[in-house]
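J.: Contents of target.txt (compact mmCIF, C-alpha atoms) are below:
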# COMPACT_ATOMS: atom_id res chain seq x y z
CA MET A 901 -24.32 12.15 -84.53
CA ALA A 902 -23.12 12.34 -80.91
CA GLU A 903 -26.55 13.12 -79.41
CA PRO A 904 -28.08 9.61 -79.92
CA THR A 905 -24.99 8.10 -78.34
CA ARG A 906 -25.34 10.29 -75.26
CA ARG A 907 -29.04 9.47 -75.05
CA SER A 908 -28.33 5.77 -75.36
CA ARG A 909 -25.69 5.93 -72.63
CA GLY A 910 -28.10 7.83 -70.42
CA SER A 911 -30.77 5.18 -70.95
CA ASP A 912 -28.35 2.40 -70.15
CA ARG A 913 -27.27 4.20 -66.99
CA THR A 914 -30.88 4.75 -65.87
CA ARG A 915 -31.65 1.09 -66.46
CA GLU A 916 -28.65 0.01 -64.36
CA VAL A 917 -29.60 2.39 -61.54
CA ILE A 918 -33.10 0.92 -61.43
CA VAL A 919 -31.74 -2.65 -61.35
CA GLU A 920 -29.21 -1.86 -58.62
CA THR A 921 -31.85 -0.07 -56.55
CA ALA A 922 -34.30 -2.95 -56.93
CA LEU A 923 -31.73 -5.53 -55.83
CA ARG A 924 -30.81 -3.43 -52.79
CA LEU A 925 -34.45 -3.01 -51.76
CA PHE A 926 -35.17 -6.70 -52.33
CA ARG A 927 -32.33 -7.48 -49.90
CA GLU A 928 -33.36 -4.88 -47.35
CA ARG A 929 -37.15 -5.16 -47.41
CA GLY A 930 -37.84 -8.48 -49.08
CA TYR A 931 -39.25 -9.17 -52.51
CA GLU A 932 -42.96 -9.02 -51.56
CA ALA A 933 -42.68 -5.77 -49.59
CA THR A 934 -40.81 -3.91 -52.36
CA THR A 935 -43.08 -2.10 -54.81
CA MET A 936 -42.26 -0.59 -58.19
CA ARG A 937 -43.20 2.80 -56.70
CA ALA A 938 -40.61 2.35 -53.94
CA ILE A 939 -37.97 1.29 -56.45
CA ALA A 940 -38.69 4.35 -58.60
CA ALA A 941 -38.52 6.71 -55.63
CA GLU A 942 -35.21 5.28 -54.40
CA ALA A 943 -33.77 5.32 -57.92
CA GLY A 944 -34.78 8.95 -58.43
CA VAL A 945 -37.03 8.32 -61.43
CA SER A 946 -40.76 8.56 -62.00
CA VAL A 947 -42.95 5.48 -61.66
CA GLY A 948 -43.79 5.79 -65.33
CA ASN A 949 -40.09 5.86 -66.20
CA ALA A 950 -39.47 2.76 -64.10
CA TYR A 951 -42.26 0.92 -65.94
CA TYR A 952 -40.86 2.16 -69.25
CA TYR A 953 -37.70 0.14 -68.61
CA PHE A 954 -39.24 -2.76 -66.67
CA SER A 955 -42.85 -3.89 -66.92
CA SER A 956 -42.82 -5.54 -63.48
CA LYS A 957 -40.71 -6.65 -60.52
CA GLU A 958 -40.34 -9.99 -62.28
CA ALA A 959 -38.76 -8.23 -65.25
CA LEU A 960 -36.23 -6.65 -62.88
CA VAL A 961 -35.24 -10.07 -61.55
CA GLN A 962 -34.92 -11.38 -65.10
CA ALA A 963 -32.54 -8.48 -65.75
CA TYR A 964 -30.52 -9.65 -62.75
CA TYR A 965 -30.48 -13.19 -64.18
CA ASP A 966 -29.19 -11.86 -67.50
CA ARG A 967 -26.51 -9.73 -65.88
CA ALA A 968 -25.35 -12.51 -63.57
CA GLN A 969 -25.20 -14.89 -66.52
CA ALA A 970 -23.08 -12.44 -68.54
CA GLU A 971 -20.69 -12.00 -65.60
CA HIS A 972 -20.34 -15.77 -65.25
CA GLU A 973 -19.71 -16.23 -68.96
CA ALA A 974 -16.94 -13.61 -68.93
CA ALA A 975 -15.38 -15.15 -65.82
CA CYS A 976 -15.25 -18.59 -67.48
CA GLU A 977 -13.15 -17.50 -70.44
CA ARG A 978 -9.83 -17.98 -68.65
CA VAL A 979 -10.81 -21.42 -67.36
CA LEU A 980 -12.05 -22.65 -70.71
CA ALA A 981 -8.92 -21.38 -72.45
CA ALA A 982 -6.54 -23.04 -69.98
CA GLU A 983 -8.22 -26.34 -69.07
CA ARG A 984 -8.57 -29.30 -71.43
CA SER A 985 -9.93 -32.07 -69.20
CA LEU A 986 -13.67 -32.30 -68.59
CA ALA A 987 -13.10 -32.33 -64.83
CA GLY A 988 -10.89 -29.25 -64.92
CA ARG A 989 -13.27 -27.32 -67.15
CA LEU A 990 -16.37 -28.27 -65.14
CA ASP A 991 -14.72 -27.60 -61.79
CA GLY A 992 -13.50 -24.19 -62.95
CA VAL A 993 -16.85 -23.13 -64.42
CA LEU A 994 -18.77 -24.11 -61.27
CA ARG A 995 -16.26 -22.37 -59.01
CA GLU A 996 -16.41 -19.21 -61.10
CA TRP A 997 -20.19 -19.20 -60.73
CA VAL A 998 -19.87 -19.27 -56.94
CA ARG A 999 -17.22 -16.55 -57.01
CA VAL A 1000 -19.15 -14.08 -59.20
CA SER A 1001 -22.42 -14.83 -57.37
CA GLU A 1002 -21.04 -14.14 -53.89
CA PRO A 1003 -22.15 -10.47 -53.84
CA TYR A 1004 -25.73 -11.61 -54.46
CA HIS A 1005 -25.81 -14.34 -51.82
CA GLU A 1006 -27.90 -12.41 -49.31
CA PHE A 1007 -30.40 -11.50 -52.02
CA ALA A 1008 -30.57 -15.09 -53.28
CA VAL A 1009 -31.28 -16.46 -49.81
CA LYS A 1010 -34.31 -14.18 -49.38
CA PHE A 1011 -35.50 -14.56 -52.95
CA PHE A 1012 -35.08 -18.32 -53.41
CA LYS A 1013 -38.57 -19.30 -52.21
CA HIS A 1014 -40.05 -17.46 -55.18
CA ALA A 1015 -37.67 -18.98 -57.72
CA ALA A 1016 -38.32 -22.43 -56.25
CA GLU A 1017 -42.04 -22.33 -57.08
CA PRO A 1018 -42.56 -24.34 -60.30
CA SER A 1019 -45.31 -22.01 -61.58
CA ASN A 1020 -43.42 -18.81 -60.81
CA PRO A 1021 -42.04 -16.99 -63.88
CA LEU A 1022 -38.86 -16.42 -61.88
CA SER A 1023 -38.13 -20.15 -61.74
CA PRO A 1024 -34.96 -21.00 -63.70
CA PHE A 1025 -37.10 -23.59 -65.52
CA SER A 1026 -39.80 -21.13 -66.64
CA ALA A 1027 -40.38 -19.87 -70.17
CA GLU A 1028 -39.57 -16.34 -68.97
CA SER A 1029 -36.14 -17.49 -67.78
CA SER A 1030 -35.31 -19.32 -71.03
CA PRO A 1031 -32.80 -16.71 -72.35
CA ALA A 1032 -30.63 -16.95 -69.22
CA ARG A 1033 -31.13 -20.72 -69.06
CA GLU A 1034 -30.09 -21.26 -72.67
CA ALA A 1035 -27.08 -18.99 -72.22
CA SER A 1036 -26.03 -21.02 -69.19
CA ILE A 1037 -26.46 -24.34 -71.01
CA ALA A 1038 -24.29 -22.89 -73.80
CA ILE A 1039 -21.43 -22.50 -71.30
CA TYR A 1040 -21.68 -26.18 -70.40
CA ARG A 1041 -21.80 -27.02 -74.09
CA ARG A 1042 -18.44 -25.29 -74.39
CA VAL A 1043 -17.22 -27.28 -71.38
CA VAL A 1044 -18.05 -30.52 -73.18
CA GLU A 1045 -17.02 -29.54 -76.70
CA GLY A 1046 -13.61 -28.32 -75.59
CA ALA A 1047 -12.85 -31.33 -73.39
CA SER A 1048 -10.18 -33.76 -74.56
CA ASP A 1049 -11.82 -36.71 -72.79
CA ARG A 1050 -13.31 -39.62 -74.66
CA ILE A 1051 -17.10 -39.42 -74.21
CA ASP A 1052 -19.87 -41.61 -75.61
CA ALA A 1053 -21.32 -39.77 -78.62
CA GLU A 1054 -24.95 -39.85 -77.47
CA LEU A 1055 -24.03 -38.80 -73.96
CA ARG A 1056 -21.91 -35.96 -75.34
CA GLU A 1057 -25.02 -34.59 -77.04
CA GLU A 1058 -27.04 -34.61 -73.82
CA LEU A 1059 -24.27 -33.72 -71.40
CA PRO A 1060 -24.46 -29.90 -71.55
CA GLU A 1061 -28.03 -29.85 -70.26
CA LEU A 1062 -27.24 -32.52 -67.66
CA LEU A 1063 -24.31 -30.45 -66.40
CA TRP A 1064 -26.58 -27.42 -66.22
CA LEU A 1065 -28.95 -29.46 -64.03
CA LEU A 1066 -25.94 -30.31 -61.86
CA SER A 1067 -25.23 -26.60 -61.60
CA MET A 1068 -28.79 -26.08 -60.33
CA GLY A 1069 -27.92 -28.50 -57.53
CA VAL A 1070 -24.88 -26.38 -56.75
CA VAL A 1071 -27.09 -23.28 -56.68
CA LEU A 1072 -29.46 -24.96 -54.21
CA PHE A 1073 -26.56 -25.97 -51.97
CA TRP A 1074 -25.08 -22.47 -52.21
CA VAL A 1075 -28.34 -20.76 -51.24
CA HIS A 1076 -28.38 -22.72 -47.96
CA ASP A 1077 -24.63 -22.43 -47.34
CA THR A 1078 -23.86 -20.29 -44.29
CA SER A 1079 -20.14 -21.13 -44.13
CA GLU A 1080 -17.61 -18.32 -44.42
CA GLY A 1081 -16.82 -17.55 -48.05
CA CYS A 1082 -19.20 -20.35 -49.11
CA ARG A 1083 -16.47 -22.82 -48.18
CA ARG A 1084 -18.88 -25.75 -48.05
CA THR A 1085 -20.14 -25.06 -51.56
CA TYR A 1086 -16.59 -25.14 -52.92
CA ARG A 1087 -16.10 -28.42 -51.08
CA PHE A 1088 -19.34 -29.76 -52.58
CA ILE A 1089 -17.97 -28.98 -56.05
CA GLU A 1090 -14.65 -30.58 -55.16
CA LEU A 1091 -16.41 -33.81 -54.16
CA THR A 1092 -18.99 -33.90 -56.96
CA VAL A 1093 -16.95 -33.14 -60.07
CA PRO A 1094 -14.67 -36.24 -59.82
CA LEU A 1095 -17.75 -38.45 -59.52
CA VAL A 1096 -19.30 -36.92 -62.63
CA ASP A 1097 -16.00 -37.20 -64.46
CA ARG A 1098 -15.68 -40.87 -63.53
CA LEU A 1099 -19.18 -41.70 -64.73
CA VAL A 1100 -18.67 -39.86 -68.01
CA SER A 1101 -15.29 -41.53 -68.60
CA LEU A 1102 -16.90 -44.95 -68.24
CA SER A 1103 -19.78 -44.19 -70.61
CA HIS A 1104 -17.95 -45.35 -73.76
CA LEU A 1105 -17.00 -48.77 -72.38
CA PRO A 1106 -18.98 -51.63 -73.99
CA GLY A 1107 -20.31 -52.96 -70.70
CA LEU A 1108 -21.66 -49.57 -69.62
CA ARG A 1109 -22.71 -48.16 -72.97
CA GLY A 1110 -26.15 -49.81 -72.68
CA ILE A 1111 -26.69 -48.24 -69.26
CA ALA A 1112 -25.78 -44.84 -70.70
CA ARG A 1113 -28.31 -45.38 -73.53
CA ASP A 1114 -31.04 -46.33 -71.02
CA PHE A 1115 -30.27 -43.25 -68.96
CA ILE A 1116 -30.45 -40.98 -72.02
CA ALA A 1117 -33.74 -42.61 -73.08
CA GLY A 1118 -35.12 -41.86 -69.62
CA VAL A 1119 -34.04 -38.23 -69.90
CA HIS A 1120 -35.81 -37.94 -73.26
CA GLU A 1121 -38.99 -39.44 -71.83
CA LEU A 1122 -39.04 -37.10 -68.85
CA ARG A 1123 -38.36 -34.10 -71.08
CA SER A 1124 -41.25 -34.84 -73.47
Is it possible to give me this structure as structure tokens?
T.:
Amino acid sequence: MAEPTRRSRGSDRTREVIVETALRLFRERGYEATTMRAIAAEAGVSVGNAYYYFSSKEALVQAYYDRAQAEHEAACERVLAAERSLAGRLDGVLREWVRVSEPYHEFAVKFFKHAAEPSNPLSPFSAESSPAREASIAIYRRVVEGASDRIDAELREELPELLWLLSMGVVLFWVHDTSEGCRRTYRFIELTVPLVDRLVSLSHLPGLRGIARDFIAGVHELRS
């Protein structure tokens, strides 16, 4: 019974070595210049073995997306357990994303032009990226569902995806942030979250409820 377990652990280890090697080569040589053959050679596996685990370079980046998303989710547990206000939960989740993503900043800077292409499967909006995207939206759903704030019911339903879109803005800012320790990105979060919180807190007021409905209707139209 122990042999399958050892084989499984060996497979997991090989997979991780290939991913780590690919990320290092992407940073050092650039995404376009890095081939699957080069990744296999650096990882100490055959080309066929590399393709057994990952069908393409794009699949390797999707593996990075999945791993980064899992790291962010784990890092958010403490924040979501401790914070009850929407602002506190959102601020903490965004800051944790920046913190866990810091080791990948150099890679993200070089890679971003590919992810920014709408037709590229590596875009966070692509069908190929949907598992990581849905997992990320689920975090923001927890942000909203666990918040003690009074929120318009219709807006509450749409808010997780809207907050995920906000997080994409944070990602864009972070990619271009050259400040030490991504200080400017943390400041961006510090300035943005109170504004979002204020808008959400006003959404249930009678005078603004119609505006919130019009905004949600616009979101539905653009999504369809």
J.: Pick the closest to Leu1055 of chain A from A:Arg1041, A:His1076, A:Arg989, A:Arg915: which is it, counting only C-alpha atoms?
T.: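 Distance minimum relative to Leu1055 of chain A lands on A:Arg1041.
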J.: Between A:Glu977, A:Val1000, A:Ser956, A:Lys1010, which has the minimum distance to Leu925 of chain A (counting all atoms listed in the file)?
T.: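 Among the listed residues, A:Lys1010 lies closest to Leu925 of chain A.
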J.: Choose the residue, out of A:Ala941, A:Ala950, A:Leu986, A:Ile918, that has the smallest atom-to-atom separation from Ser1048 of chain A; count only C-alpha atoms.
T.: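 Counting only C-alpha atoms, the residue closest to Ser1048 of chain A is A:Leu986.
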J.: Can you work out the spacing between atom CA of Leu1022 of chain A and atom CA of Tyr951 of chain A in Å, to one decimal?
T.: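 Separation between atom CA of Leu1022 of chain A and atom CA of Tyr951 of chain A: 18.1 Å.
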J.: For Ala1053 of chain A, which residue out of A:Ser911, A:Ser1103, A:Ser1067, A:Asn1020 is the nearest one, using all atoms listed in the file?
T.: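 The answer is A:Ser1103, which sits nearest to Ala1053 of chain A.
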J.: Between A:Arg1050, A:Arg927, A:Arg999, A:Arg1084, which is the closest to Ser985 of chain A once you count all atoms listed in the file?
T.: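 The closest residue to Ser985 of chain A is A:Arg1050.
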J.: Have a look at atom CA of Glu1045 of chain A and atom CA of Glu983 of chain A and let me know their distance in Å, one decimal.
T.: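 According to the coordinates, atom CA of Glu1045 of chain A and atom CA of Glu983 of chain A are separated by 12.1 Å.
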J.: Please determine an axis-aligned box that encloses all atoms of segment 962-976 of chain A listed in the file, with 8 Å added on each side, and express its centre and edge lengths in Å to one decimal as JSON.
T.:
{"center_x": -25.1, "center_y": -13.5, "center_z": -65.9, "size_x": 35.7, "size_y": 26.1, "size_z": 22.2}
J.: Can you measure atom CA of Glu1034 of chain A to atom CA of Phe1012 of chain A for me? One decimal in Å is fine.
T.: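 If I compute the distance from atom CA of Glu1034 of chain A to atom CA of Phe1012 of chain A, I get 20.1 Å.
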J.: Using all atoms listed in the file, which of A:Trp1064, A:Phe1025, A:Phe1088, A:Phe954 sits nearest Ala1038 of chain A?
T.: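 Nearest candidate to Ala1038 of chain A out of A:Trp1064, A:Phe1025, A:Phe1088, A:Phe954: A:Trp1064.
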J.: Excluding Cys976 of chain A and residues on its chain fewer than 2 positions from it, collect all residues at most 12 Å away from it, counting all atoms listed in the file, and give them as a ChimeraX atom specification.
T.: /A:969-974,978-983,988-1000,1036,1038-1040,1042-1043
J.: Mind listing whatever residues come within 12 Å of the point (-37.1, -18.5, -50.8)? Use all atoms listed in the file, file coordinates, and give them as a ChimeraX atom specification.
T.: /A:930-932,1006-1017,1020,1022-1023,1072,1075-1076
J.: Some atoms are absent from segment 1014-1025 of chain A, so rebuild all heavy atoms and return them as a PDB file, in the coordinates of the input.
T.:
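Just written: part08.pdb:
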ATOM      1  N   HIS A1014     -39.265 -17.814 -54.001  1.00  0.00           N
ATOM      2  CA  HIS A1014     -40.050 -17.460 -55.180  1.00  0.00           C
ATOM      3  C   HIS A1014     -39.552 -18.223 -56.410  1.00  0.00           C
ATOM      4  O   HIS A1014     -40.339 -18.768 -57.178  1.00  0.00           O
ATOM      5  CB  HIS A1014     -39.967 -15.953 -55.437  1.00  0.00           C
ATOM      6  CG  HIS A1014     -40.485 -15.133 -54.310  1.00  0.00           C
ATOM      7  ND1 HIS A1014     -41.829 -14.955 -54.063  1.00  0.00           N
ATOM      8  CD2 HIS A1014     -39.832 -14.455 -53.324  1.00  0.00           C
ATOM      9  CE1 HIS A1014     -41.988 -14.206 -52.995  1.00  0.00           C
ATOM     10  NE2 HIS A1014     -40.798 -13.878 -52.536  1.00  0.00           N
ATOM     11  N   ALA A1015     -38.246 -18.275 -56.570  1.00  0.00           N
ATOM     12  CA  ALA A1015     -37.670 -18.980 -57.720  1.00  0.00           C
ATOM     13  C   ALA A1015     -37.911 -20.475 -57.639  1.00  0.00           C
ATOM     14  O   ALA A1015     -37.905 -21.165 -58.657  1.00  0.00           O
ATOM     15  CB  ALA A1015     -36.174 -18.689 -57.814  1.00  0.00           C
ATOM     16  N   ALA A1016     -38.126 -20.992 -56.418  1.00  0.00           N
ATOM     17  CA  ALA A1016     -38.320 -22.430 -56.250  1.00  0.00           C
ATOM     18  C   ALA A1016     -39.733 -22.883 -56.590  1.00  0.00           C
ATOM     19  O   ALA A1016     -39.974 -24.086 -56.741  1.00  0.00           O
ATOM     20  CB  ALA A1016     -37.997 -22.829 -54.809  1.00  0.00           C
ATOM     21  N   GLU A1017     -40.675 -21.958 -56.721  1.00  0.00           N
ATOM     22  CA  GLU A1017     -42.040 -22.330 -57.080  1.00  0.00           C
ATOM     23  C   GLU A1017     -42.109 -22.683 -58.560  1.00  0.00           C
ATOM     24  O   GLU A1017     -41.762 -21.869 -59.414  1.00  0.00           O
ATOM     25  CB  GLU A1017     -42.989 -21.169 -56.785  1.00  0.00           C
ATOM     26  CG  GLU A1017     -43.107 -20.812 -55.315  1.00  0.00           C
ATOM     27  CD  GLU A1017     -43.960 -19.577 -55.088  1.00  0.00           C
ATOM     28  OE1 GLU A1017     -44.478 -19.033 -56.081  1.00  0.00           O
ATOM     29  OE2 GLU A1017     -44.101 -19.166 -53.928  1.00  0.00           O
ATOM     30  N   PRO A1018     -42.553 -23.901 -58.901  1.00  0.00           N
ATOM     31  CA  PRO A1018     -42.560 -24.340 -60.300  1.00  0.00           C
ATOM     32  C   PRO A1018     -43.347 -23.427 -61.235  1.00  0.00           C
ATOM     33  O   PRO A1018     -42.986 -23.253 -62.395  1.00  0.00           O
ATOM     34  CB  PRO A1018     -43.187 -25.734 -60.229  1.00  0.00           C
ATOM     35  CG  PRO A1018     -42.924 -26.197 -58.837  1.00  0.00           C
ATOM     36  CD  PRO A1018     -42.996 -24.963 -57.985  1.00  0.00           C
ATOM     37  N   SER A1019     -44.455 -22.843 -60.730  1.00  0.00           N
ATOM     38  CA  SER A1019     -45.310 -22.010 -61.580  1.00  0.00           C
ATOM     39  C   SER A1019     -44.872 -20.554 -61.637  1.00  0.00           C
ATOM     40  O   SER A1019     -45.445 -19.760 -62.391  1.00  0.00           O
ATOM     41  CB  SER A1019     -46.755 -22.082 -61.076  1.00  0.00           C
ATOM     42  OG  SER A1019     -46.836 -21.600 -59.740  1.00  0.00           O
ATOM     43  N   ASN A1020     -43.866 -20.204 -60.855  1.00  0.00           N
ATOM     44  CA  ASN A1020     -43.420 -18.810 -60.810  1.00  0.00           C
ATOM     45  C   ASN A1020     -42.578 -18.487 -62.042  1.00  0.00           C
ATOM     46  O   ASN A1020     -41.689 -19.254 -62.400  1.00  0.00           O
ATOM     47  CB  ASN A1020     -42.595 -18.579 -59.536  1.00  0.00           C
ATOM     48  CG  ASN A1020     -42.436 -17.109 -59.206  1.00  0.00           C
ATOM     49  OD1 ASN A1020     -41.990 -16.321 -60.028  1.00  0.00           O
ATOM     50  ND2 ASN A1020     -42.798 -16.740 -57.982  1.00  0.00           N
ATOM     51  N   PRO A1021     -42.842 -17.358 -62.712  1.00  0.00           N
ATOM     52  CA  PRO A1021     -42.040 -16.990 -63.880  1.00  0.00           C
ATOM     53  C   PRO A1021     -40.567 -16.767 -63.564  1.00  0.00           C
ATOM     54  O   PRO A1021     -39.730 -16.752 -64.465  1.00  0.00           O
ATOM     55  CB  PRO A1021     -42.687 -15.700 -64.384  1.00  0.00           C
ATOM     56  CG  PRO A1021     -43.465 -15.169 -63.219  1.00  0.00           C
ATOM     57  CD  PRO A1021     -43.911 -16.374 -62.453  1.00  0.00           C
ATOM     58  N   LEU A1022     -40.248 -16.621 -62.279  1.00  0.00           N
ATOM     59  CA  LEU A1022     -38.860 -16.420 -61.880  1.00  0.00           C
ATOM     60  C   LEU A1022     -38.113 -17.738 -61.683  1.00  0.00           C
ATOM     61  O   LEU A1022     -36.907 -17.724 -61.436  1.00  0.00           O
ATOM     62  CB  LEU A1022     -38.810 -15.601 -60.587  1.00  0.00           C
ATOM     63  CG  LEU A1022     -39.430 -14.209 -60.693  1.00  0.00           C
ATOM     64  CD1 LEU A1022     -39.361 -13.496 -59.353  1.00  0.00           C
ATOM     65  CD2 LEU A1022     -38.760 -13.387 -61.772  1.00  0.00           C
ATOM     66  N   SER A1023     -38.802 -18.858 -61.799  1.00  0.00           N
ATOM     67  CA  SER A1023     -38.130 -20.150 -61.740  1.00  0.00           C
ATOM     68  C   SER A1023     -37.123 -20.264 -62.868  1.00  0.00           C
ATOM     69  O   SER A1023     -37.393 -19.838 -64.001  1.00  0.00           O
ATOM     70  CB  SER A1023     -39.164 -21.284 -61.863  1.00  0.00           C
ATOM     71  OG  SER A1023     -38.521 -22.510 -62.153  1.00  0.00           O
ATOM     72  N   PRO A1024     -35.940 -20.832 -62.611  1.00  0.00           N
ATOM     73  CA  PRO A1024     -34.960 -21.000 -63.700  1.00  0.00           C
ATOM     74  C   PRO A1024     -35.448 -21.939 -64.796  1.00  0.00           C
ATOM     75  O   PRO A1024     -34.872 -21.976 -65.877  1.00  0.00           O
ATOM     76  CB  PRO A1024     -33.732 -21.584 -62.977  1.00  0.00           C
ATOM     77  CG  PRO A1024     -34.263 -22.149 -61.700  1.00  0.00           C
ATOM     78  CD  PRO A1024     -35.429 -21.308 -61.317  1.00  0.00           C
ATOM     79  N   PHE A1025     -36.553 -22.669 -64.537  1.00  0.00           N
ATOM     80  CA  PHE A1025     -37.100 -23.590 -65.520  1.00  0.00           C
ATOM     81  C   PHE A1025     -38.277 -22.989 -66.304  1.00  0.00           C
ATOM     82  O   PHE A1025     -38.837 -23.648 -67.172  1.00  0.00           O
ATOM     83  CB  PHE A1025     -37.573 -24.879 -64.825  1.00  0.00           C
ATOM     84  CG  PHE A1025     -36.478 -25.627 -64.131  1.00  0.00           C
ATOM     85  CD1 PHE A1025     -36.204 -25.398 -62.794  1.00  0.00           C
ATOM     86  CD2 PHE A1025     -35.702 -26.552 -64.813  1.00  0.00           C
ATOM     87  CE1 PHE A1025     -35.184 -26.081 -62.139  1.00  0.00           C
ATOM     88  CE2 PHE A1025     -34.680 -27.232 -64.175  1.00  0.00           C
ATOM     89  CZ  PHE A1025     -34.421 -27.010 -62.839  1.00  0.00           C
TER      90      PHE A1025
END
